[in-house]
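Source file protein_3.cif; content: mmCIF, C-alpha atoms.
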data_coords
#
loop_
_atom_site.label_atom_id
_atom_site.label_comp_id
_atom_site.auth_asym_id
_atom_site.auth_seq_id
_atom_site.Cartn_x
_atom_site.Cartn_y
_atom_site.Cartn_z
CA MET A 198 -20.89 15.23 5.48
CA ARG A 199 -18.83 12.24 6.51
CA ALA A 200 -19.95 8.82 7.60
CA TYR A 201 -18.90 7.83 11.10
CA GLU A 202 -19.26 4.91 13.40
CA LEU A 203 -19.02 5.36 17.12
CA MET A 204 -18.33 2.30 19.22
CA THR A 205 -18.73 2.81 22.93
CA ILE A 206 -17.97 0.37 25.72
CA PHE A 207 -19.74 0.94 29.04
CA ARG A 208 -18.88 -0.43 32.45
CA PRO A 209 -20.28 -3.94 33.09
CA GLU A 210 -21.88 -3.16 36.46
CA MET A 211 -24.43 -0.86 34.81
CA ALA A 212 -27.99 -2.07 34.27
CA GLU A 213 -29.12 -2.58 30.69
CA ASN A 214 -31.69 0.24 30.75
CA GLU A 215 -29.05 2.59 32.17
CA VAL A 216 -26.80 1.80 29.23
CA ARG A 217 -29.66 2.28 26.77
CA ASN A 218 -30.35 5.68 28.34
CA GLU A 219 -26.70 6.61 27.96
CA VAL A 220 -26.80 5.61 24.30
CA THR A 221 -29.86 7.79 23.67
CA THR A 222 -28.07 10.66 25.41
CA ILE A 223 -25.15 10.19 23.03
CA GLU A 224 -27.53 10.16 20.06
CA GLN A 225 -29.14 13.40 21.23
CA ALA A 226 -25.74 14.98 21.78
CA LEU A 227 -24.71 14.00 18.27
CA ALA A 228 -27.95 15.32 16.79
CA ALA A 229 -27.44 18.57 18.70
CA GLY A 230 -24.05 18.88 17.03
CA GLY A 231 -25.66 18.72 13.61
CA ALA A 232 -25.23 14.99 12.99
CA THR A 233 -27.88 12.71 11.54
CA VAL A 234 -28.01 9.39 13.36
CA LYS A 235 -28.66 6.56 10.92
CA GLU A 236 -28.57 3.45 13.02
CA THR A 237 -27.96 2.35 16.57
CA ASP A 238 -26.90 -1.17 17.29
CA PHE A 239 -26.94 -2.37 20.87
CA TRP A 240 -24.64 -5.38 21.11
CA GLY A 241 -25.23 -6.21 24.76
CA LYS A 242 -22.63 -7.48 27.17
CA ARG A 243 -19.48 -8.88 25.62
CA ARG A 244 -16.25 -10.30 26.97
CA PHE A 245 -13.09 -8.33 26.26
CA ALA A 246 -10.22 -9.92 24.37
CA TYR A 247 -7.96 -8.58 27.11
CA GLU A 248 -8.33 -6.95 30.49
CA ILE A 249 -9.11 -3.22 30.55
CA ASP A 250 -8.83 -1.45 33.93
CA HIS A 251 -9.24 -4.82 35.71
CA LEU A 252 -12.50 -5.41 33.85
CA HIS A 253 -13.21 -8.45 31.72
CA GLU A 254 -16.49 -7.52 30.05
CA GLY A 255 -18.53 -4.50 29.08
CA TRP A 256 -21.63 -3.23 27.30
CA TYR A 257 -21.04 -2.55 23.63
CA ALA A 258 -23.05 -0.05 21.60
CA LEU A 259 -22.52 1.09 18.02
CA VAL A 260 -23.94 4.33 16.59
CA THR A 261 -23.73 4.97 12.86
CA PHE A 262 -24.19 8.57 11.78
CA ASP A 263 -23.29 11.30 9.30
CA ALA A 264 -21.66 14.49 10.52
CA GLU A 265 -19.52 17.39 9.37
CA ALA A 266 -15.82 17.21 10.11
CA GLY A 267 -15.10 18.36 13.65
CA ALA A 268 -18.70 18.01 14.78
CA VAL A 269 -17.80 14.99 16.91
CA ASP A 270 -15.25 16.83 19.06
CA ASP A 271 -17.70 17.72 21.82
CA VAL A 272 -19.07 14.20 22.09
CA ASP A 273 -15.53 12.84 22.00
CA ARG A 274 -14.58 14.99 24.98
CA ALA A 275 -17.75 14.15 26.88
CA LEU A 276 -17.17 10.42 26.43
CA SER A 277 -13.55 10.70 27.53
CA LEU A 278 -14.65 12.38 30.74
CA SER A 279 -17.55 10.06 31.44
CA ASP A 280 -17.01 7.54 34.25
CA ASN A 281 -19.50 5.10 32.72
CA VAL A 282 -17.53 4.71 29.51
CA VAL A 283 -14.64 2.26 29.52
CA ARG A 284 -13.59 3.05 25.98
CA HIS A 285 -14.95 4.74 22.87
CA LYS A 286 -13.73 5.13 19.32
CA PHE A 287 -14.90 6.99 16.25
CA ILE A 288 -14.26 5.15 13.02
CA ARG A 289 -14.72 6.36 9.47
CA PRO A 290 -15.55 3.44 7.21
CA GLU A 291 -14.34 4.13 3.69
CA MET B 33 -18.98 -18.81 4.25
CA SER B 34 -18.18 -19.16 0.59
CA PRO B 35 -17.95 -22.54 -1.08
CA LYS B 36 -14.43 -23.87 -1.22
CA SER B 37 -12.64 -23.07 -4.45
CA PRO B 38 -11.59 -26.09 -6.49
CA ARG B 39 -8.10 -27.29 -5.67
CA ARG B 40 -5.48 -26.23 -8.16
CA PRO B 41 -3.29 -28.95 -9.66
CA ARG B 42 -0.28 -29.57 -7.44
CA ARG B 43 3.07 -28.91 -9.03
CA LYS B 44 6.26 -30.67 -8.15
CA ARG B 45 7.43 -28.68 -5.14
CA ASP B 46 10.86 -30.27 -4.87
CA GLU B 47 12.00 -28.87 -8.21
CA ARG B 48 11.06 -25.33 -7.14
CA GLY B 49 12.86 -25.43 -3.82
CA GLY B 50 9.58 -26.05 -1.97
CA ARG B 51 8.15 -22.69 -3.06
CA ARG B 52 4.70 -22.15 -4.42
CA VAL B 53 4.76 -21.43 -8.14
CA SER B 54 1.53 -19.57 -8.69
CA LYS B 55 0.59 -16.98 -6.07
CA LYS B 56 -2.30 -17.72 -3.74
CA PRO B 57 -5.26 -15.54 -4.74
CA CYS B 58 -6.28 -12.65 -2.47
CA TYR B 59 -9.34 -13.68 -0.45
CA PHE B 60 -10.89 -10.19 -0.59
CA CYS B 61 -10.39 -9.79 -4.33
CA VAL B 62 -11.98 -13.18 -4.95
CA GLU B 63 -14.93 -12.40 -2.66
CA LYS B 64 -15.08 -8.82 -4.03
CA ILE B 65 -14.99 -7.36 -0.54
CA ASP B 66 -14.19 -3.66 -0.72
CA TYR B 67 -14.34 -2.67 2.91
CA VAL B 68 -12.80 -4.87 5.58
CA ASP B 69 -15.02 -4.51 8.62
CA TYR B 70 -13.27 -4.29 11.98
CA LYS B 71 -16.37 -5.79 13.61
CA ASP B 72 -16.10 -9.06 11.68
CA VAL B 73 -13.91 -10.75 14.28
CA ALA B 74 -14.30 -14.25 12.84
CA LEU B 75 -12.99 -13.13 9.45
CA LEU B 76 -10.11 -11.10 10.89
CA ARG B 77 -9.01 -14.02 13.07
CA LYS B 78 -8.26 -15.96 9.89
CA PHE B 79 -5.58 -13.38 9.14
CA MET B 80 -3.96 -13.68 12.54
CA SER B 81 -1.67 -16.31 13.98
CA ASP B 82 -2.69 -18.16 17.14
CA ARG B 83 -0.31 -15.80 18.94
CA ALA B 84 -2.65 -13.04 17.72
CA LYS B 85 -0.06 -11.53 15.40
CA ILE B 86 -1.14 -10.24 12.00
CA ARG B 87 -0.25 -12.80 9.35
CA SER B 88 1.89 -11.50 6.52
CA SER B 89 0.50 -11.29 3.01
CA ARG B 90 3.15 -13.81 2.00
CA VAL B 91 1.39 -16.35 4.15
CA THR B 92 -2.23 -15.44 3.43
CA GLY B 93 -1.86 -14.37 -0.19
CA THR B 94 -3.68 -11.10 0.48
CA CYS B 95 -2.90 -8.37 -2.07
CA VAL B 96 -1.12 -5.18 -0.99
CA GLN B 97 -4.24 -3.03 -1.02
CA HIS B 98 -6.28 -5.48 1.04
CA GLN B 99 -3.44 -6.33 3.41
CA ARG B 100 -3.39 -2.69 4.49
CA LYS B 101 -7.12 -2.73 5.08
CA VAL B 102 -6.91 -5.98 7.02
CA ALA B 103 -4.09 -4.63 9.19
CA ARG B 104 -6.04 -1.41 9.84
CA ALA B 105 -9.20 -3.37 10.70
CA ILE B 106 -7.35 -5.66 13.10
CA LYS B 107 -5.75 -2.68 14.83
CA ASN B 108 -9.12 -0.98 15.19
CA ALA B 109 -10.65 -4.16 16.57
CA ARG B 110 -7.79 -4.48 19.04
CA GLU B 111 -8.40 -1.00 20.41
CA LEU B 112 -11.98 -1.99 21.17
CA ALA B 113 -10.93 -5.26 22.83
CA LEU B 114 -12.63 -7.30 20.11
CA LEU B 115 -9.30 -8.92 19.29
CA PRO B 116 -6.27 -9.48 21.52
CA TYR B 117 -2.88 -7.86 21.11
CA ILE B 118 -1.10 -10.95 22.38
CA ASN B 119 -2.14 -14.49 23.07
CA ARG B 120 0.18 -16.43 25.30
#
Just give me the structure of the file as structure tokens.
Amino acid sequence: MRAYELMTIFRPEMAENEVRNEVTTIEQALAAGGATVKETDFWGKRRFAYEIDHLHEGWYALVTFDAEAGAVDDVDRALSLSDNVVRHKFIRPE
Amino acid sequence: MSPKSPRRPRRKRDERGGRRVSKKPCYFCVEKIDYVDYKDVALLRKFMSDRAKIRSSRVTGTCVQHQRKVARAIKNARELALLPYINR
């Protein structure tokens, strides 16, 4: 098992409960892939340090979880394809 | 924030060509920080210039091991738009 952090940025025009639903969907998808979600931190709306796709702010959410190597691939693909997600990144804290 | 460390005695800079004699201690070694968090924007900003460039370890005194971690953390934070790439 490896420790992961998943930071996801959602589009700013979404409503807060919509974003929270999305985050729970991600959690479920991770759990379905054999991961154990440890913590979910909802940061709220935050300004970007630079413009992304003509946007200046977005909803930030951080999911901390443990998973086997390669178990995040499906979620990674799903997030890349999602129109609601501006950006996402998996990080392995040492 | 940590309390400020006591100021070291100032040596005569002119005799040493204006260079610092003893090396500045590494902030992370002093604070015993093992993992540099990319989410700690306020801390990472201290290791960037106002142009948003990563400050060299020569300037900040960060040790080799921690400088790598700082650089990695800043780059991760940049990807997530927590920190800028450039600041004009």
Can you write out as a Markdown table which residues of region 48-74 of chain B fall within 9 Å of region 86-92 of chain B, alongside each residue's closest atom pair and its distance in Å to one decimal, counting only C-alpha atoms and ordering rows by chain and ascending residue number?
| residue | atom | partner | partner_atom | distance |
| --- | --- | --- | --- | --- |
| B:Lys56 | CA | B:Thr92 | CA | 7.5 |
| B:Pro57 | CA | B:Thr92 | CA | 8.7 |
| B:Cys58 | CA | B:Thr92 | CA | 7.7 |
| B:Tyr59 | CA | B:Thr92 | CA | 8.3 |
Filtering to C-alpha atoms, could you give me those residues as a PDB file, in the frame of the given file?
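Output (out28.pdb):
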ATOM      1  CA  LYS B  56      -2.300 -17.720  -3.740  1.00  0.00           C
ATOM      2  CA  PRO B  57      -5.260 -15.540  -4.740  1.00  0.00           C
ATOM      3  CA  CYS B  58      -6.280 -12.650  -2.470  1.00  0.00           C
ATOM      4  CA  TYR B  59      -9.340 -13.680  -0.450  1.00  0.00           C
TER       5      TYR B  59
END
Output check: residues returned by the PyMOL selection byres ((chain A and resi 228) around 12), as number ranges by chain: A: 221-227, 229-235, 260-265, 268-269, 271-272
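Every chain B residue lying within 12 Å of chain A, based on only C-alpha atoms, is listed here: B:Asp66, B:Tyr67, B:Val68, B:Asp69, B:Tyr70, B:Lys71, B:Val73, B:Ala84, B:Lys101, B:Arg104, B:Ala105, B:Lys107, B:Asn108, B:Ala109, B:Arg110, B:Glu111, B:Leu112, B:Ala113, B:Leu114, B:Leu115, B:Pro116, B:Tyr117, B:Ile118, B:Asn119, B:Arg120.
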Neighbour list for Ala266 (chain A) as number ranges by chain, cut-off 9 Å, all atoms listed in the file, skip fewer than 4 positions in-chain: A: 198-199, 270
Contacts of Glu219 (chain A) at 12 Å (all atoms listed in the file; same-chain gap of 6+ positions) as a ChimeraX atom specification: /A:205-208,211-213,225-226,239,256-258,260,275-276,279-282
Could you please take those selected residues and save C-alpha atoms as a compact mmCIF listing (two decimals), in the frame of the given file?
# COMPACT_ATOMS: atom_id res chain seq x y z
CA THR A 205 -18.73 2.81 22.93
CA ILE A 206 -17.97 0.37 25.72
CA PHE A 207 -19.74 0.94 29.04
CA ARG A 208 -18.88 -0.43 32.45
CA MET A 211 -24.43 -0.86 34.81
CA ALA A 212 -27.99 -2.07 34.27
CA GLU A 213 -29.12 -2.58 30.69
CA GLN A 225 -29.14 13.40 21.23
CA ALA A 226 -25.74 14.98 21.78
CA PHE A 239 -26.94 -2.37 20.87
CA TRP A 256 -21.63 -3.23 27.30
CA TYR A 257 -21.04 -2.55 23.63
CA ALA A 258 -23.05 -0.05 21.60
CA VAL A 260 -23.94 4.33 16.59
CA ALA A 275 -17.75 14.15 26.88
CA LEU A 276 -17.17 10.42 26.43
CA SER A 279 -17.55 10.06 31.44
CA ASP A 280 -17.01 7.54 34.25
CA ASN A 281 -19.50 5.10 32.72
CA VAL A 282 -17.53 4.71 29.51
Would you mind completing region 67-78 of chain B so that it carries all heavy atoms, and writing it out as a PDB file, in the frame of the given file?
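Printed below is result32.pdb as written:
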ATOM      1  N   TYR B  67     -14.625  -3.229   1.587  1.00  0.00           N
ATOM      2  CA  TYR B  67     -14.340  -2.670   2.910  1.00  0.00           C
ATOM      3  C   TYR B  67     -14.183  -3.798   3.906  1.00  0.00           C
ATOM      4  O   TYR B  67     -15.081  -4.634   4.064  1.00  0.00           O
ATOM      5  CB  TYR B  67     -15.492  -1.733   3.316  1.00  0.00           C
ATOM      6  CG  TYR B  67     -15.417  -1.271   4.742  1.00  0.00           C
ATOM      7  CD1 TYR B  67     -14.321  -0.536   5.196  1.00  0.00           C
ATOM      8  CD2 TYR B  67     -16.429  -1.563   5.648  1.00  0.00           C
ATOM      9  CE1 TYR B  67     -14.247  -0.117   6.498  1.00  0.00           C
ATOM     10  CE2 TYR B  67     -16.372  -1.139   6.957  1.00  0.00           C
ATOM     11  CZ  TYR B  67     -15.276  -0.414   7.374  1.00  0.00           C
ATOM     12  OH  TYR B  67     -15.196  -0.005   8.660  1.00  0.00           O
ATOM     13  N   VAL B  68     -13.049  -3.847   4.568  1.00  0.00           N
ATOM     14  CA  VAL B  68     -12.800  -4.870   5.580  1.00  0.00           C
ATOM     15  C   VAL B  68     -13.332  -4.341   6.909  1.00  0.00           C
ATOM     16  O   VAL B  68     -12.841  -3.338   7.423  1.00  0.00           O
ATOM     17  CB  VAL B  68     -11.299  -5.199   5.687  1.00  0.00           C
ATOM     18  CG1 VAL B  68     -11.081  -6.335   6.664  1.00  0.00           C
ATOM     19  CG2 VAL B  68     -10.740  -5.573   4.327  1.00  0.00           C
ATOM     20  N   ASP B  69     -14.350  -4.998   7.418  1.00  0.00           N
ATOM     21  CA  ASP B  69     -15.020  -4.510   8.620  1.00  0.00           C
ATOM     22  C   ASP B  69     -14.252  -4.946   9.866  1.00  0.00           C
ATOM     23  O   ASP B  69     -13.949  -6.123  10.020  1.00  0.00           O
ATOM     24  CB  ASP B  69     -16.449  -5.067   8.650  1.00  0.00           C
ATOM     25  CG  ASP B  69     -17.299  -4.337   9.657  1.00  0.00           C
ATOM     26  OD1 ASP B  69     -16.775  -3.438  10.345  1.00  0.00           O
ATOM     27  OD2 ASP B  69     -18.496  -4.663   9.752  1.00  0.00           O
ATOM     28  N   TYR B  70     -13.986  -3.962  10.738  1.00  0.00           N
ATOM     29  CA  TYR B  70     -13.270  -4.290  11.980  1.00  0.00           C
ATOM     30  C   TYR B  70     -14.149  -5.061  12.954  1.00  0.00           C
ATOM     31  O   TYR B  70     -13.659  -5.620  13.922  1.00  0.00           O
ATOM     32  CB  TYR B  70     -12.772  -2.993  12.638  1.00  0.00           C
ATOM     33  CG  TYR B  70     -13.881  -2.110  13.156  1.00  0.00           C
ATOM     34  CD1 TYR B  70     -14.245  -2.140  14.484  1.00  0.00           C
ATOM     35  CD2 TYR B  70     -14.593  -1.275  12.297  1.00  0.00           C
ATOM     36  CE1 TYR B  70     -15.275  -1.359  14.962  1.00  0.00           C
ATOM     37  CE2 TYR B  70     -15.620  -0.490  12.758  1.00  0.00           C
ATOM     38  CZ  TYR B  70     -15.959  -0.532  14.097  1.00  0.00           C
ATOM     39  OH  TYR B  70     -16.995   0.236  14.541  1.00  0.00           O
ATOM     40  N   LYS B  71     -15.446  -5.091  12.712  1.00  0.00           N
ATOM     41  CA  LYS B  71     -16.370  -5.790  13.610  1.00  0.00           C
ATOM     42  C   LYS B  71     -16.473  -7.273  13.291  1.00  0.00           C
ATOM     43  O   LYS B  71     -16.966  -8.054  14.092  1.00  0.00           O
ATOM     44  CB  LYS B  71     -17.771  -5.151  13.523  1.00  0.00           C
ATOM     45  CG  LYS B  71     -17.784  -3.685  13.901  1.00  0.00           C
ATOM     46  CD  LYS B  71     -19.172  -3.122  13.946  1.00  0.00           C
ATOM     47  CE  LYS B  71     -19.801  -2.924  12.581  1.00  0.00           C
ATOM     48  NZ  LYS B  71     -19.147  -1.895  11.757  1.00  0.00           N
ATOM     49  N   ASP B  72     -16.018  -7.655  12.111  1.00  0.00           N
ATOM     50  CA  ASP B  72     -16.100  -9.060  11.680  1.00  0.00           C
ATOM     51  C   ASP B  72     -14.909  -9.825  12.265  1.00  0.00           C
ATOM     52  O   ASP B  72     -13.931 -10.105  11.579  1.00  0.00           O
ATOM     53  CB  ASP B  72     -16.107  -9.124  10.157  1.00  0.00           C
ATOM     54  CG  ASP B  72     -16.503 -10.504   9.652  1.00  0.00           C
ATOM     55  OD1 ASP B  72     -16.557 -11.440  10.480  1.00  0.00           O
ATOM     56  OD2 ASP B  72     -16.739 -10.638   8.448  1.00  0.00           O
ATOM     57  N   VAL B  73     -15.035 -10.149  13.550  1.00  0.00           N
ATOM     58  CA  VAL B  73     -13.910 -10.750  14.280  1.00  0.00           C
ATOM     59  C   VAL B  73     -13.546 -12.119  13.710  1.00  0.00           C
ATOM     60  O   VAL B  73     -12.365 -12.455  13.574  1.00  0.00           O
ATOM     61  CB  VAL B  73     -14.272 -10.859  15.777  1.00  0.00           C
ATOM     62  CG1 VAL B  73     -13.151 -11.518  16.540  1.00  0.00           C
ATOM     63  CG2 VAL B  73     -14.537  -9.472  16.349  1.00  0.00           C
ATOM     64  N   ALA B  74     -14.557 -12.888  13.340  1.00  0.00           N
ATOM     65  CA  ALA B  74     -14.300 -14.250  12.840  1.00  0.00           C
ATOM     66  C   ALA B  74     -13.454 -14.211  11.576  1.00  0.00           C
ATOM     67  O   ALA B  74     -12.532 -15.013  11.409  1.00  0.00           O
ATOM     68  CB  ALA B  74     -15.626 -14.953  12.576  1.00  0.00           C
ATOM     69  N   LEU B  75     -13.757 -13.250  10.705  1.00  0.00           N
ATOM     70  CA  LEU B  75     -12.990 -13.130   9.450  1.00  0.00           C
ATOM     71  C   LEU B  75     -11.561 -12.672   9.747  1.00  0.00           C
ATOM     72  O   LEU B  75     -10.597 -13.229   9.220  1.00  0.00           O
ATOM     73  CB  LEU B  75     -13.681 -12.127   8.517  1.00  0.00           C
ATOM     74  CG  LEU B  75     -12.916 -11.780   7.238  1.00  0.00           C
ATOM     75  CD1 LEU B  75     -12.888 -12.955   6.289  1.00  0.00           C
ATOM     76  CD2 LEU B  75     -13.518 -10.578   6.566  1.00  0.00           C
ATOM     77  N   LEU B  76     -11.437 -11.658  10.611  1.00  0.00           N
ATOM     78  CA  LEU B  76     -10.110 -11.100  10.890  1.00  0.00           C
ATOM     79  C   LEU B  76      -9.210 -12.129  11.568  1.00  0.00           C
ATOM     80  O   LEU B  76      -8.001 -12.129  11.364  1.00  0.00           O
ATOM     81  CB  LEU B  76     -10.243  -9.853  11.765  1.00  0.00           C
ATOM     82  CG  LEU B  76     -10.922  -8.661  11.102  1.00  0.00           C
ATOM     83  CD1 LEU B  76     -11.049  -7.511  12.073  1.00  0.00           C
ATOM     84  CD2 LEU B  76     -10.155  -8.210   9.871  1.00  0.00           C
ATOM     85  N   ARG B  77      -9.808 -12.999  12.374  1.00  0.00           N
ATOM     86  CA  ARG B  77      -9.010 -14.020  13.070  1.00  0.00           C
ATOM     87  C   ARG B  77      -8.295 -14.940  12.087  1.00  0.00           C
ATOM     88  O   ARG B  77      -7.252 -15.502  12.398  1.00  0.00           O
ATOM     89  CB  ARG B  77      -9.903 -14.845  14.001  1.00  0.00           C
ATOM     90  CG  ARG B  77     -10.048 -14.195  15.360  1.00  0.00           C
ATOM     91  CD  ARG B  77     -10.606 -15.178  16.372  1.00  0.00           C
ATOM     92  NE  ARG B  77     -11.034 -14.504  17.582  1.00  0.00           N
ATOM     93  CZ  ARG B  77     -10.224 -14.245  18.607  1.00  0.00           C
ATOM     94  NH1 ARG B  77      -8.969 -14.626  18.567  1.00  0.00           N
ATOM     95  NH2 ARG B  77     -10.677 -13.618  19.665  1.00  0.00           N
ATOM     96  N   LYS B  78      -8.885 -15.108  10.906  1.00  0.00           N
ATOM     97  CA  LYS B  78      -8.260 -15.960   9.890  1.00  0.00           C
ATOM     98  C   LYS B  78      -6.951 -15.361   9.410  1.00  0.00           C
ATOM     99  O   LYS B  78      -6.109 -16.058   8.845  1.00  0.00           O
ATOM    100  CB  LYS B  78      -9.191 -16.081   8.677  1.00  0.00           C
ATOM    101  CG  LYS B  78     -10.371 -16.976   8.903  1.00  0.00           C
ATOM    102  CD  LYS B  78     -10.930 -17.356   7.561  1.00  0.00           C
ATOM    103  CE  LYS B  78     -12.439 -17.490   7.618  1.00  0.00           C
ATOM    104  NZ  LYS B  78     -12.981 -17.478   6.263  1.00  0.00           N
TER     105      LYS B  78
END
